[in-house]
>>> print(open('input_8.cif').read())   # mmCIF, C-alpha atoms
data_model
#
loop_
_atom_site.label_atom_id
_atom_site.label_comp_id
_atom_site.auth_asym_id
_atom_site.auth_seq_id
_atom_site.Cartn_x
_atom_site.Cartn_y
_atom_site.Cartn_z
CA MET A 139 86.32 78.25 79.53
CA THR A 140 84.80 80.25 76.73
CA HIS A 141 81.71 81.03 78.78
CA ARG A 142 83.83 82.04 81.75
CA ASP A 143 85.92 84.34 79.54
CA ASP A 144 82.82 85.80 78.00
CA ALA A 145 81.46 86.45 81.46
CA LEU A 146 84.74 88.04 82.50
CA PHE A 147 84.68 90.37 79.55
CA ASP A 148 81.05 91.27 79.57
CA GLY A 149 82.08 94.91 79.03
CA GLU A 150 83.46 93.95 75.64
CA SER A 151 80.80 93.96 72.95
CA ARG A 152 79.66 90.67 71.53
CA ALA A 153 80.54 91.84 68.03
CA ALA A 154 84.10 92.77 69.03
CA ARG A 155 84.57 89.38 70.68
CA ARG A 156 83.32 87.61 67.58
CA ALA A 157 85.58 89.69 65.36
CA LEU A 158 88.59 88.83 67.52
CA ARG A 159 87.77 85.15 67.47
CA ASP A 160 87.21 85.20 63.69
CA ASP A 161 90.54 86.96 63.18
CA VAL A 162 92.45 84.36 65.19
CA ARG A 163 90.57 81.50 63.51
CA SER A 164 91.31 82.88 60.02
CA GLU A 165 94.98 83.16 60.86
CA LEU A 166 95.20 79.58 62.11
CA GLU A 167 93.28 78.27 59.11
CA SER A 168 95.56 80.25 56.81
CA HIS A 169 98.51 78.50 58.48
CA LEU A 170 96.91 75.09 57.84
CA ALA A 171 96.31 76.03 54.20
CA LEU A 172 99.93 77.10 53.73
CA SER A 173 101.09 73.92 55.40
CA ARG A 174 98.88 71.82 53.08
CA GLU A 175 100.18 73.74 50.10
CA ALA A 176 103.78 72.99 51.04
CA LEU A 177 103.04 69.30 51.62
CA ILE A 178 101.34 69.02 48.23
CA ALA A 179 104.39 70.70 46.69
CA GLU A 180 106.47 67.98 48.36
CA GLY A 181 104.41 65.39 46.53
CA LEU A 182 101.59 64.43 48.90
CA ASP A 183 98.10 64.13 47.49
CA PRO A 184 95.59 66.72 48.80
CA GLU A 185 93.85 64.41 51.28
CA ALA A 186 97.13 63.12 52.73
CA ALA A 187 98.42 66.70 52.88
CA ARG A 188 95.30 67.79 54.76
CA LEU A 189 95.65 65.00 57.31
CA GLU A 190 99.37 65.60 57.77
CA ALA A 191 98.94 69.36 58.10
CA ASN A 192 96.22 68.86 60.72
CA ARG A 193 98.36 66.31 62.57
CA ARG A 194 101.33 68.67 62.68
CA PHE A 195 99.23 71.58 63.72
CA GLY A 196 97.54 69.91 66.64
CA ASN A 197 94.29 70.93 68.30
CA ILE A 198 93.19 74.10 66.50
CA ASP A 199 90.46 74.87 69.06
CA ALA A 200 92.94 74.71 71.94
CA ILE A 201 95.42 76.93 70.10
CA GLU A 202 92.68 79.41 69.30
CA GLU A 203 91.73 79.59 72.97
CA ARG A 204 95.34 80.15 73.99
CA CYS A 205 95.66 82.95 71.43
CA LEU A 206 92.47 84.62 72.66
CA LEU A 207 93.71 84.28 76.21
CA GLU A 208 96.97 86.00 75.26
CA LYS A 209 95.09 88.76 73.50
CA ARG A 210 92.79 89.24 76.42
CA SER A 211 95.26 88.91 79.25
CA GLY A 212 96.39 92.45 78.49
CA GLU A 213 92.84 93.65 78.80
CA ARG A 214 92.53 91.59 81.94
CA VAL A 215 95.61 93.23 83.45
CA MET A 216 94.28 96.65 82.47
CA LYS A 217 90.87 95.86 83.89
CA THR A 218 92.39 94.56 87.09
CA LEU A 219 94.60 97.63 87.29
CA VAL A 220 91.67 99.96 86.68
CA THR A 221 89.59 98.08 89.25
CA VAL A 222 92.39 98.20 91.81
CA LEU A 223 92.91 101.92 91.17
CA ALA A 224 89.19 102.62 91.36
CA VAL A 225 88.82 100.67 94.60
CA GLY A 226 91.91 102.39 95.97
CA PHE A 227 90.55 105.80 95.03
CA VAL A 228 87.19 105.10 96.62
CA ALA A 229 88.90 103.77 99.75
CA LEU A 230 91.09 106.86 99.97
CA SER A 231 88.11 109.15 99.43
CA VAL A 232 86.15 107.39 102.15
CA ALA A 233 89.17 107.51 104.47
CA PHE A 234 89.62 111.20 103.72
CA ALA A 235 85.92 111.94 104.29
CA LEU A 236 85.92 109.97 107.55
CA THR A 237 89.06 111.73 108.72
CA THR A 238 87.56 115.11 107.85
CA VAL A 239 84.38 114.25 109.71
CA ARG A 240 86.38 112.95 112.68
CA LEU A 241 88.62 116.04 112.80
CA ARG A 242 85.59 118.31 112.52
CA ARG A 243 83.85 116.40 115.29
CA GLU A 244 86.94 116.59 117.46
CA ALA A 245 87.21 120.33 116.80
CA LEU A 246 83.56 120.77 117.77
CA GLU A 247 84.10 118.67 120.88
CA ARG A 248 87.12 120.77 121.80
CA GLU A 249 85.05 123.90 121.24
CA HIS A 250 82.27 122.55 123.43
CA VAL A 251 84.73 121.61 126.14
CA ALA A 252 86.30 125.07 125.95
CA GLN A 253 82.88 126.74 126.12
CA ALA A 254 81.77 124.54 128.98
CA PHE A 255 85.03 125.31 130.75
CA ALA A 256 84.56 129.05 130.19
CA HIS A 257 81.03 128.86 131.55
CA GLU A 258 82.16 126.88 134.51
CA LEU A 259 84.94 129.38 135.15
CA ALA A 260 82.48 132.27 134.91
CA ASP A 261 80.08 130.48 137.26
CA GLU A 262 82.93 129.69 139.59
CA ARG A 263 83.98 133.33 139.62
CA SER A 264 80.50 134.65 140.21
CA ARG A 265 79.91 132.08 142.90
CA SER A 266 83.20 132.40 144.70
CA ARG A 267 83.88 136.09 144.33
CA THR A 268 81.60 138.99 144.46
CA SER A 269 78.34 140.41 143.35
CA LEU A 270 77.79 144.06 142.54
CA LEU A 271 75.17 145.99 144.48
CA GLY A 272 72.40 147.83 142.71
CA ALA A 273 71.84 151.60 142.80
CA ASP A 274 69.32 151.32 145.63
CA ASP A 275 71.37 148.95 147.78
CA SER A 276 73.45 150.04 150.71
CA ALA A 277 76.93 148.90 151.66
CA ARG A 278 77.68 146.72 154.64
CA PRO A 279 80.85 146.41 156.70
CA GLY A 280 83.36 144.27 154.75
CA ASP A 281 82.07 145.33 151.30
CA ILE A 282 84.53 146.81 148.83
CA VAL A 283 83.78 150.29 147.54
CA GLN A 284 85.33 151.02 144.16
CA LEU A 285 85.55 154.66 143.10
CA VAL A 286 85.97 155.45 139.42
CA SER A 287 86.67 158.96 138.18
CA ASP A 288 87.58 159.88 134.64
CA VAL A 289 88.79 163.33 135.69
CA VAL A 290 90.66 162.84 138.95
CA SER A 291 93.05 159.93 138.89
CA GLU A 292 93.55 159.94 142.68
CA LEU A 293 89.90 159.05 143.04
CA ASN A 294 90.32 155.74 141.24
CA LEU A 295 90.62 153.55 144.34
CA ARG A 296 89.28 150.61 146.24
CA VAL A 297 88.51 150.75 149.93
CA GLN A 298 86.90 148.32 152.33
CA VAL A 299 83.94 149.41 154.46
CA ASP A 300 85.01 149.40 158.09
CA SER A 301 83.10 147.66 160.82
CA ASP A 302 81.47 150.99 161.69
CA GLY A 303 80.15 151.34 158.11
CA SER A 304 82.52 154.11 157.03
CA ILE A 305 85.25 154.37 154.45
CA LEU A 306 88.34 156.55 154.62
CA LEU A 307 88.85 158.70 151.51
CA PRO A 308 91.59 161.14 150.51
CA GLU A 309 90.89 164.87 151.15
CA ILE A 310 87.44 164.40 152.64
CA GLY A 311 88.18 161.80 155.33
CA ARG A 312 85.59 159.39 156.65
CA VAL A 313 82.32 158.96 154.82
CA MET A 314 79.47 156.78 156.06
CA THR A 315 78.31 154.24 153.44
CA THR A 316 75.88 151.98 155.21
CA ASP A 317 73.07 154.47 155.76
CA VAL A 318 72.80 155.62 152.13
CA THR A 319 72.09 153.88 148.85
CA ARG A 320 74.83 153.48 146.29
CA ALA A 321 73.26 156.24 144.14
CA GLU A 322 73.14 158.61 147.12
CA LEU A 323 76.75 157.80 147.93
CA GLU A 324 77.74 158.70 144.35
CA SER A 325 76.05 162.12 144.50
CA SER A 326 77.31 162.94 147.99
CA LEU A 327 80.89 162.10 147.00
CA ALA A 328 80.55 164.28 143.87
CA GLU A 329 79.32 167.11 146.11
CA ALA A 330 82.07 166.59 148.65
CA TYR A 331 84.83 166.62 146.05
CA ALA A 332 83.39 169.41 143.86
CA PRO A 333 84.91 172.32 145.84
CA LEU A 334 88.37 170.75 145.72
CA TYR A 335 88.71 170.66 141.95
CA VAL A 336 88.39 173.22 139.17
CA HIS A 337 86.39 170.92 136.94
CA PRO A 338 83.18 169.24 137.97
CA VAL A 339 83.99 165.91 139.50
CA GLU A 340 81.95 162.86 138.67
CA VAL A 341 82.53 159.80 140.79
CA PHE A 342 81.14 156.39 139.95
CA VAL A 343 80.73 153.99 142.82
CA GLN A 344 80.67 150.22 142.62
CA ILE A 345 80.07 148.18 145.70
CA GLU A 346 81.29 144.62 145.67
CA ARG A 347 80.00 142.18 148.21
CA ALA A 348 81.80 138.94 148.92
CA VAL A 349 79.54 136.03 148.11
CA GLU A 350 79.82 132.74 149.96
CA ARG A 351 80.30 129.67 147.85
CA ASP A 352 77.43 127.19 147.72
CA MET B 113 100.94 66.11 68.21
CA GLU B 114 103.99 64.66 69.95
CA MET B 115 106.94 65.14 67.63
CA SER B 116 110.28 63.41 67.54
CA SER B 117 112.04 63.74 70.87
CA ASP B 118 115.35 64.82 69.35
CA ARG B 119 113.78 68.14 68.41
CA PRO B 120 112.93 69.71 71.75
CA GLU B 121 110.20 72.30 72.03
CA LEU B 122 111.61 75.79 72.57
CA PRO B 123 111.17 77.36 75.97
CA ARG B 124 109.00 80.48 75.87
CA GLY B 125 111.81 83.04 76.20
CA ALA B 126 113.85 81.41 73.44
CA LEU B 127 110.83 81.15 71.16
CA GLU B 128 110.02 84.85 71.57
CA LEU B 129 113.63 85.78 70.91
CA LEU B 130 113.73 83.69 67.71
CA VAL B 131 110.39 85.13 66.55
CA LEU B 132 111.75 88.66 66.97
CA LYS B 133 114.92 87.62 65.14
CA ALA B 134 112.91 86.05 62.29
CA LEU B 135 111.09 89.35 61.81
CA SER B 136 114.18 91.56 62.06
CA ARG B 137 114.73 91.80 58.30
CA THR B 138 111.30 91.27 56.83
CA ALA B 139 107.64 90.78 57.67
CA ARG B 140 106.56 87.15 57.78
CA HIS B 141 103.40 85.20 58.48
CA GLY B 142 103.34 82.51 61.15
CA TYR B 143 103.89 79.58 58.84
CA ALA B 144 106.88 81.14 57.07
CA LEU B 145 108.30 82.23 60.39
CA ALA B 146 108.19 78.70 61.83
CA ARG B 147 109.80 77.24 58.70
CA TRP B 148 112.48 79.93 58.70
CA ILE B 149 113.49 79.14 62.29
CA GLU B 150 113.55 75.40 61.58
CA GLU B 151 115.65 75.87 58.45
CA ARG B 152 118.08 78.28 60.11
CA SER B 153 118.61 75.79 62.96
CA ASP B 154 119.24 73.06 60.35
CA GLY B 155 116.21 71.30 61.66
CA ALA B 156 117.52 71.18 65.23
CA LEU B 157 114.68 73.31 66.51
CA LEU B 158 111.01 72.60 66.21
CA VAL B 159 108.52 75.45 66.35
CA GLU B 160 105.24 74.14 67.65
CA GLU B 161 102.22 75.95 66.28
CA GLY B 162 100.55 75.47 69.66
CA SER B 163 103.19 77.75 71.16
CA LEU B 164 103.96 79.94 68.15
CA TYR B 165 100.61 81.63 67.72
CA PRO B 166 100.02 82.41 71.40
CA ALA B 167 103.60 83.84 71.42
CA LEU B 168 102.82 86.01 68.38
CA HIS B 169 99.68 87.37 70.02
CA ARG B 170 101.58 87.95 73.26
CA LEU B 171 104.31 89.91 71.47
CA GLU B 172 101.72 91.87 69.54
CA ARG B 173 99.88 92.75 72.74
CA ARG B 174 103.15 94.01 74.21
CA GLY B 175 103.67 96.20 71.17
CA LEU B 176 106.88 94.44 70.07
CA ILE B 177 105.40 93.30 66.77
CA GLU B 178 102.46 94.41 64.66
CA ALA B 179 100.21 92.42 62.36
CA GLU B 180 98.65 93.12 58.99
CA TRP B 181 96.65 90.89 56.70
CA GLY B 182 98.27 90.41 53.28
CA LYS B 183 98.74 87.96 50.43
CA THR B 184 101.39 85.23 50.17
CA ASP B 185 103.38 84.54 46.95
CA THR B 186 100.80 81.91 46.10
CA GLY B 187 98.00 84.42 46.51
CA ARG B 188 96.80 83.05 49.82
CA ARG B 189 95.52 85.37 52.53
CA ALA B 190 97.78 85.42 55.60
CA LYS B 191 98.59 87.61 58.57
CA PHE B 192 102.04 89.17 58.29
CA TYR B 193 103.97 90.23 61.35
CA SER B 194 106.69 92.87 61.49
CA LEU B 195 108.90 94.33 64.21
CA THR B 196 108.03 97.63 65.85
CA ASP B 197 110.73 99.99 67.16
CA GLY B 198 110.08 98.55 70.59
CA GLY B 199 110.50 95.07 69.16
CA ARG B 200 113.81 96.00 67.60
CA GLU B 201 115.02 97.36 70.95
CA SER B 202 113.75 94.26 72.72
CA LEU B 203 115.54 92.02 70.20
CA ARG B 204 118.83 93.76 70.97
CA GLU B 205 118.39 93.41 74.73
CA ARG B 206 117.19 89.82 74.57
CA THR B 207 120.02 88.81 72.24
CA ALA B 208 122.62 90.24 74.62
CA LEU B 209 120.93 88.57 77.56
CA TRP B 210 120.69 85.25 75.74
CA ASN B 211 124.34 85.35 74.74
CA ARG B 212 125.41 85.98 78.33
CA LEU B 213 123.09 83.24 79.57
CA SER B 214 124.17 80.60 77.03
CA LEU B 215 127.82 81.47 77.52
CA GLY B 216 127.44 81.05 81.28
CA VAL B 217 125.57 77.80 80.93
CA ALA B 218 128.14 76.49 78.43
CA LYS B 219 131.00 77.38 80.78
CA VAL B 220 129.40 75.51 83.64
CA LEU B 221 128.71 72.50 81.46
CA ARG B 222 132.27 72.46 80.13
CA SER B 223 133.81 72.60 83.60
CA ARG B 224 135.21 69.45 85.14
CA GLY B 225 132.87 67.42 87.38
CA ALA B 226 132.38 67.74 91.12
CA GLY B 227 135.38 68.91 93.14
CA GLY B 228 136.96 70.74 90.20
CA THR B 229 138.32 74.21 90.91
CA ALA B 230 136.72 77.13 89.14
#
>>> encode(input="input_8.cif", output="structure tokens")
Amino acid sequence: MTHRDDALFDGESRAARRALRDDVRSELESHLALSREALIAEGLDPEAARLEANRRFGNIDAIEERCLLEKRSGERVMKTLVTVLAVGFVALSVAFALTTVRLRREALEREHVAQAFAHELADERSRSRTSLLGADDSARPGDIVQLVSDVVSELNLRVQVDSDGSILLPEIGRVMTTDVTRAELESSLAEAYAPLYVHPVEVFVQIERAVERD
Amino acid sequence: MEMSSDRPELPRGALELLVLKALSRTARHGYALARWIEERSDGALLVEEGSLYPALHRLERRGLIEAEWGKTDTGRRAKFYSLTDGGRESLRERTALWNRLSLGVAKVLRSRGAGGTA
């Protein structure tokens, strides 16, 4: 029992344990001495008083152990409490860390999904919709010609190239688009519109071509 | 260490209560405390050392009593116990509780046997 207790309280210094044990032992021996003293005062001779005092007292070693147990059970409760709290704290910290990591991972996953979705959407658009022609490309029937003018708002319009390759524009009527490049179309339109407005007219042309899906 | 059977060993709660009571007026060491309780009960109660000292250390650990080494009238070294403020408070509470308990038990024991109306 003593060894087990000592093992349990290995944090306690050997000297402190000894001091505690000595203190309890001194107290119990003091009790025996007082008891002997009283018995002698009652008329017993010293040896008879010693025997009687010991008999009344009982097993001094057992009592000492019980006293030490009482003294230490408080420490034991405290140690248990501290251990439980420490374990609880560690468990909470780990749970918190894991949750943080999980939430972060989920956020990243969501971000990836969103990005992938955005890419897919962009791909889908580019595949299913249109592509823009370059400056040296020419329009074909069915293409969409987009005019953009910062100066003349009426010239911001979208028209489809007819089957004969022309487009119908305000003021200047039909203009052929299929036999010129996009750049040439831009400059010819600027020329055509120039006389009609006070300010120089600049017209940007975009030609969109419907692209078949894969 | 079996003592005469007409002096029953005190149950733990009662022993602690009597220890607190014994220290309510003055500091005493264990031996004097046990004798005081036995005398006050006209010898009806027996305080077993095997229970007394663990009880003292228990009460001390709970902060209800405190201990200090001193000298007895005969010049012998002994550990004297005295009540703390907490102990005084505990003595009041335990006394009230004990009185209610013993009154209740006495009432039940005094009542007529089975079938009697309350």
>>> resolve_selection(input="input_8.cif", expression="the PyMOL selection byres ((chain B) within 6 of (chain A))", output="list in words")
Met113, Tyr143, Glu161, Gly162, Pro166, His169, Arg170 and Ala190 of chain B
>>> residues_around(input="input_8.cif", residues="stretch 202-209 of chain B", least_positions_apart="5", cutoff="10 Å", atoms="all atoms listed in the file", output="ChimeraX atom specification")
/B:125-126,128-133,135-136,176,195-197,214-215
>>> atom_distance(input="input_8.cif", atom1="atom CA of A:Phe255", atom2="atom CA of A:Arg240")
21.9 Å
>>> atom_distance(input="input_8.cif", atom1="atom CA of A:Ser304", atom2="atom CA of A:Thr319")
13.3 Å
>>> atom_distance(input="input_8.cif", atom1="atom CA of B:Val159", atom2="atom CA of A:Ala186")
21.6 Å
>>> residues_around(input="input_8.cif", residues="stretch 299-303 of chain A", least_positions_apart="5", cutoff="6 Å", atoms="only C-alpha atoms", output="ChimeraX atom specification")
/A:279-281,314-316
>>> residues_around(input="input_8.cif", residues="A:Leu293", least_positions_apart="5", cutoff="9 Å", atoms="only C-alpha atoms", output="VMD selection string")
chain A and resid 285 to 288 307 to 308 341
>>> residues_near_point(input="input_8.cif", point="(79.6, 143.5, 142.5)", cutoff="12 Å", atoms="all atoms listed in the file", output="PyMOL selection string")
chain A and resi 263-273+275+277+281-284+320+343-349
>>> residues_around(input="input_8.cif", residues="B:Ala134", least_positions_apart="3", cutoff="9 Å", atoms="all atoms listed in the file", output="MDAnalysis selection string")
chainID B and resid 129:131 137:140 145:146 148:149
>>> axis_aligned_box(input="input_8.cif", around="stretch 203-212 of chain B", padding_each_side="5 Å", output="AutoDock Vina command-line options")
--center_x 120.5 --center_y 89.5 --center_z 74.3 --size_x 19.9 --size_y 18.5 --size_z 18.1
>>> resolve_selection(input="input_8.cif", expression="the PyMOL selection byres ((chain B and resi 157) around 8)", output="JSON, numbers by chain")
{"B": [119, 120, 121, 122, 149, 150, 153, 154, 155, 156, 158, 159]}
>>> residues_around(input="input_8.cif", residues="B:Gly182", least_positions_apart="3", cutoff="9 Å", atoms="only C-alpha atoms", output="PyMOL selection string")
chain B and resi 141+188-192
>>> build_atoms(input="input_8.cif", residues="stretch 172-197 of chain B", atoms="N, CA and C atoms", output="compact mmCIF listing (two decimals), in the coordinates of the input")
# COMPACT_ATOMS: atom_id res chain seq x y z
N GLU B 172 102.50 90.80 70.15
CA GLU B 172 101.72 91.87 69.54
C GLU B 172 101.06 92.72 70.62
N ARG B 173 100.53 92.03 71.63
CA ARG B 173 99.88 92.75 72.74
C ARG B 173 100.89 93.66 73.44
N ARG B 174 102.13 93.20 73.53
CA ARG B 174 103.15 94.01 74.21
C ARG B 174 103.73 95.10 73.31
N GLY B 175 103.23 95.13 72.08
CA GLY B 175 103.67 96.20 71.17
C GLY B 175 105.04 95.96 70.55
N LEU B 176 105.55 94.72 70.63
CA LEU B 176 106.88 94.44 70.07
C LEU B 176 106.79 94.08 68.59
N ILE B 177 105.62 93.58 68.19
CA ILE B 177 105.40 93.30 66.77
C ILE B 177 104.02 93.82 66.41
N GLU B 178 103.81 94.02 65.09
CA GLU B 178 102.46 94.41 64.66
C GLU B 178 102.04 93.53 63.49
N ALA B 179 100.73 93.37 63.35
CA ALA B 179 100.21 92.42 62.36
C ALA B 179 99.39 93.14 61.29
N GLU B 180 99.45 92.58 60.08
CA GLU B 180 98.65 93.12 58.99
C GLU B 180 98.31 91.98 58.04
N TRP B 181 97.04 91.93 57.65
CA TRP B 181 96.65 90.89 56.70
C TRP B 181 97.21 91.24 55.32
N GLY B 182 97.73 90.19 54.62
CA GLY B 182 98.27 90.41 53.28
C GLY B 182 98.13 89.14 52.45
N LYS B 183 98.82 89.13 51.32
CA LYS B 183 98.74 87.96 50.43
C LYS B 183 100.11 87.28 50.34
N THR B 184 100.13 85.96 50.34
CA THR B 184 101.39 85.23 50.17
C THR B 184 101.74 85.19 48.67
N ASP B 185 102.95 84.66 48.36
CA ASP B 185 103.38 84.54 46.95
C ASP B 185 102.37 83.73 46.14
N THR B 186 101.76 82.77 46.80
CA THR B 186 100.80 81.91 46.10
C THR B 186 99.39 82.49 46.11
N GLY B 187 99.30 83.75 46.55
CA GLY B 187 98.00 84.42 46.51
C GLY B 187 97.08 84.07 47.65
N ARG B 188 97.65 83.43 48.69
CA ARG B 188 96.80 83.05 49.82
C ARG B 188 96.82 84.16 50.87
N ARG B 189 95.65 84.34 51.51
CA ARG B 189 95.52 85.37 52.53
C ARG B 189 96.23 84.91 53.81
N ALA B 190 97.07 85.78 54.37
CA ALA B 190 97.78 85.42 55.60
C ALA B 190 98.07 86.67 56.41
N LYS B 191 98.31 86.47 57.69
CA LYS B 191 98.59 87.61 58.57
C LYS B 191 100.10 87.75 58.70
N PHE B 192 100.60 88.92 58.28
CA PHE B 192 102.04 89.17 58.29
C PHE B 192 102.43 89.98 59.53
N TYR B 193 103.49 89.53 60.16
CA TYR B 193 103.97 90.23 61.35
C TYR B 193 105.27 90.97 61.04
N SER B 194 105.43 92.14 61.65
CA SER B 194 106.69 92.87 61.49
C SER B 194 107.09 93.46 62.83
N LEU B 195 108.39 93.77 62.97
CA LEU B 195 108.90 94.33 64.21
C LEU B 195 108.52 95.80 64.35
N THR B 196 108.20 96.20 65.58
CA THR B 196 108.03 97.63 65.85
C THR B 196 109.38 98.14 66.36
N ASP B 197 109.49 99.45 66.59
CA ASP B 197 110.73 99.99 67.16
C ASP B 197 111.02 99.36 68.51
